[in-house]
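This report concerns only the one structure given below.
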Amino acid sequence: MRGDDLRPPHRPPALPPLVADLLLVVAVVGVFTASDPGVNDPGYRKGDVLTWALLVISLVALAFRRWPVPVLCVTGAVCAGWAALQGTLASC
C-alpha cells in the first residue's frame with residue numbers, strides 16, 4: 001500500500017472570505033425578513049409580488065455593503081415603502 005492512496009478526496013476550492021461573509025449575511029437577513037411576508041395568518045395581508053420584490057431589492061442592497069450610506073438609504077426606503085403598504089405608518 002502506497003502513501004499516495006491515503007490522500008483525502010478532492011475538495012472544491014474555498015470561497016473567499018468576503019463572499020462567504022456576504023452569503024451568510026444575506027441568508028440570515030433573508031430568512032428572518034422573508035418569514036414575515038410568508039406568514040398567512042388570518043387578519044394579516046398576504047405577501048404579494050411587490051412585497052417580495054421589495055425584499056429582493058433590500059437583500060441585493062446588502063451586497064453593496066462597501067458603501068453603507070446608499071445601502072442604508074435603499075434599505076430604509078424599501079422598509080418605509082413596505083410599512084406604508086401595510087398601513088403601519090398611518091397609525092404613527
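Note on naming: chains are A, B, ... as they come in the C-alpha cells, residues start from 1 per chain, ligands start from 1 in the order shown.
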Per residue of region 25-46 of chain A within 12 Å of region 65-80 of chain A, what are the shortest atom pair and its distance in Å to one decimal, counting only C-alpha atoms, with rows by chain and residue number, as a tab-separated table?
```
residue	atom	partner	partner_atom	distance
A:Val25	CA	A:Arg65	CA	10.4
A:Val26	CA	A:Arg65	CA	10.9
A:Val29	CA	A:Thr75	CA	11.9
A:Thr33	CA	A:Cys79	CA	10.6
```
Hey, what's within 9 Å of Ala27 (chain A) if we count only C-alpha atoms and toss same-chain stuff fewer than 5 positions away? As number ranges by chain, please?
-> A: 22, 32, 59
Would you give me, as a VMD selection string, the residues in chain A that DSSP reads as helix (DSSP H, G or I)?
-> chain A and resid 3 to 6 17 to 38 49 to 64 68 to 86
Contacts of region 35-43 of chain A at 12 Å (only C-alpha atoms; same-chain gap of 2+ positions) as a list in words = Val28, Val29, Gly30, Val31, Phe32, Thr33, Arg45, Lys46, Gly47, Asp48, Val49, Leu50, Thr51, Trp52, Ala53, Leu54, Leu55, Trp82, Ala83, Leu85 and Gln86 of chain A
Taking N, CA, C and O atoms for each residue, export the selection above as a PDB file, in the first residue's frame.
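Writing done, so here's selection05.pdb:
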```
ATOM      1  N   VAL A  28     -29.036  35.075   6.412  1.00  0.00           N
ATOM      2  CA  VAL A  28     -29.639  35.305   7.731  1.00  0.00           C
ATOM      3  C   VAL A  28     -30.710  36.382   7.651  1.00  0.00           C
ATOM      4  O   VAL A  28     -31.841  36.205   8.140  1.00  0.00           O
ATOM      5  N   VAL A  29     -30.384  37.501   7.023  1.00  0.00           N
ATOM      6  CA  VAL A  29     -31.369  38.581   6.894  1.00  0.00           C
ATOM      7  C   VAL A  29     -32.556  38.110   6.062  1.00  0.00           C
ATOM      8  O   VAL A  29     -33.713  38.401   6.381  1.00  0.00           O
ATOM      9  N   GLY A  30     -32.295  37.378   5.004  1.00  0.00           N
ATOM     10  CA  GLY A  30     -33.367  36.887   4.145  1.00  0.00           C
ATOM     11  C   GLY A  30     -34.322  35.947   4.851  1.00  0.00           C
ATOM     12  O   GLY A  30     -35.537  36.029   4.687  1.00  0.00           O
ATOM     13  N   VAL A  31     -33.788  35.047   5.672  1.00  0.00           N
ATOM     14  CA  VAL A  31     -34.649  34.092   6.390  1.00  0.00           C
ATOM     15  C   VAL A  31     -35.572  34.822   7.359  1.00  0.00           C
ATOM     16  O   VAL A  31     -36.782  34.583   7.390  1.00  0.00           O
ATOM     17  N   PHE A  32     -34.992  35.732   8.139  1.00  0.00           N
ATOM     18  CA  PHE A  32     -35.820  36.421   9.131  1.00  0.00           C
ATOM     19  C   PHE A  32     -36.780  37.421   8.483  1.00  0.00           C
ATOM     20  O   PHE A  32     -37.889  37.618   8.966  1.00  0.00           O
ATOM     21  N   THR A  33     -36.363  38.038   7.396  1.00  0.00           N
ATOM     22  CA  THR A  33     -37.230  39.013   6.737  1.00  0.00           C
ATOM     23  C   THR A  33     -38.314  38.318   5.917  1.00  0.00           C
ATOM     24  O   THR A  33     -39.460  38.764   5.896  1.00  0.00           O
ATOM     25  N   ARG A  45     -52.394  40.804   5.918  1.00  0.00           N
ATOM     26  CA  ARG A  45     -52.302  40.874   4.469  1.00  0.00           C
ATOM     27  C   ARG A  45     -51.250  39.887   3.974  1.00  0.00           C
ATOM     28  O   ARG A  45     -50.131  39.842   4.485  1.00  0.00           O
ATOM     29  N   LYS A  46     -51.606  39.101   2.986  1.00  0.00           N
ATOM     30  CA  LYS A  46     -50.687  38.130   2.411  1.00  0.00           C
ATOM     31  C   LYS A  46     -49.632  38.865   1.586  1.00  0.00           C
ATOM     32  O   LYS A  46     -49.927  39.851   0.921  1.00  0.00           O
ATOM     33  N   GLY A  47     -48.377  38.382   1.630  1.00  0.00           N
ATOM     34  CA  GLY A  47     -47.311  38.983   0.837  1.00  0.00           C
ATOM     35  C   GLY A  47     -47.603  38.855  -0.650  1.00  0.00           C
ATOM     36  O   GLY A  47     -47.853  37.765  -1.154  1.00  0.00           O
ATOM     37  N   ASP A  48     -47.585  39.994  -1.361  1.00  0.00           N
ATOM     38  CA  ASP A  48     -47.839  39.984  -2.791  1.00  0.00           C
ATOM     39  C   ASP A  48     -46.527  40.139  -3.550  1.00  0.00           C
ATOM     40  O   ASP A  48     -45.448  40.114  -2.981  1.00  0.00           O
ATOM     41  N   VAL A  49     -46.632  40.319  -4.856  1.00  0.00           N
ATOM     42  CA  VAL A  49     -45.445  40.423  -5.705  1.00  0.00           C
ATOM     43  C   VAL A  49     -44.602  41.628  -5.311  1.00  0.00           C
ATOM     44  O   VAL A  49     -43.370  41.547  -5.257  1.00  0.00           O
ATOM     45  N   LEU A  50     -45.235  42.749  -5.020  1.00  0.00           N
ATOM     46  CA  LEU A  50     -44.490  43.943  -4.643  1.00  0.00           C
ATOM     47  C   LEU A  50     -43.747  43.737  -3.323  1.00  0.00           C
ATOM     48  O   LEU A  50     -42.594  44.161  -3.177  1.00  0.00           O
ATOM     49  N   THR A  51     -44.364  43.070  -2.379  1.00  0.00           N
ATOM     50  CA  THR A  51     -43.704  42.788  -1.107  1.00  0.00           C
ATOM     51  C   THR A  51     -42.448  41.957  -1.324  1.00  0.00           C
ATOM     52  O   THR A  51     -41.386  42.252  -0.777  1.00  0.00           O
ATOM     53  N   TRP A  52     -42.554  40.914  -2.138  1.00  0.00           N
ATOM     54  CA  TRP A  52     -41.399  40.058  -2.404  1.00  0.00           C
ATOM     55  C   TRP A  52     -40.344  40.807  -3.214  1.00  0.00           C
ATOM     56  O   TRP A  52     -39.142  40.596  -3.017  1.00  0.00           O
ATOM     57  N   ALA A  53     -40.766  41.689  -4.122  1.00  0.00           N
ATOM     58  CA  ALA A  53     -39.802  42.488  -4.889  1.00  0.00           C
ATOM     59  C   ALA A  53     -39.029  43.429  -3.963  1.00  0.00           C
ATOM     60  O   ALA A  53     -37.809  43.589  -4.111  1.00  0.00           O
ATOM     61  N   LEU A  54     -39.711  44.039  -3.010  1.00  0.00           N
ATOM     62  CA  LEU A  54     -39.033  44.911  -2.053  1.00  0.00           C
ATOM     63  C   LEU A  54     -38.045  44.123  -1.202  1.00  0.00           C
ATOM     64  O   LEU A  54     -36.963  44.616  -0.877  1.00  0.00           O
ATOM     65  N   LEU A  55     -38.395  42.903  -0.854  1.00  0.00           N
ATOM     66  CA  LEU A  55     -37.481  42.051  -0.097  1.00  0.00           C
ATOM     67  C   LEU A  55     -36.226  41.759  -0.909  1.00  0.00           C
ATOM     68  O   LEU A  55     -35.108  41.866  -0.408  1.00  0.00           O
ATOM     69  N   TRP A  82     -42.627  49.376   2.327  1.00  0.00           N
ATOM     70  CA  TRP A  82     -43.357  48.185   2.752  1.00  0.00           C
ATOM     71  C   TRP A  82     -44.278  48.508   3.922  1.00  0.00           C
ATOM     72  O   TRP A  82     -45.419  48.051   3.979  1.00  0.00           O
ATOM     73  N   ALA A  83     -43.778  49.322   4.865  1.00  0.00           N
ATOM     74  CA  ALA A  83     -44.619  49.695   6.005  1.00  0.00           C
ATOM     75  C   ALA A  83     -45.811  50.527   5.558  1.00  0.00           C
ATOM     76  O   ALA A  83     -46.915  50.377   6.075  1.00  0.00           O
ATOM     77  N   LEU A  85     -47.298  50.241   2.687  1.00  0.00           N
ATOM     78  CA  LEU A  85     -48.221  49.287   2.069  1.00  0.00           C
ATOM     79  C   LEU A  85     -49.023  48.539   3.132  1.00  0.00           C
ATOM     80  O   LEU A  85     -50.175  48.195   2.935  1.00  0.00           O
ATOM     81  N   GLN A  86     -48.385  48.255   4.255  1.00  0.00           N
ATOM     82  CA  GLN A  86     -49.052  47.524   5.333  1.00  0.00           C
ATOM     83  C   GLN A  86     -49.985  48.409   6.144  1.00  0.00           C
ATOM     84  O   GLN A  86     -50.784  47.922   6.923  1.00  0.00           O
TER      85      GLN A  86
END
```
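Between CA of Pro9 (chain A) and CA of Leu23 (chain A) there is a distance of 25.6 Å.
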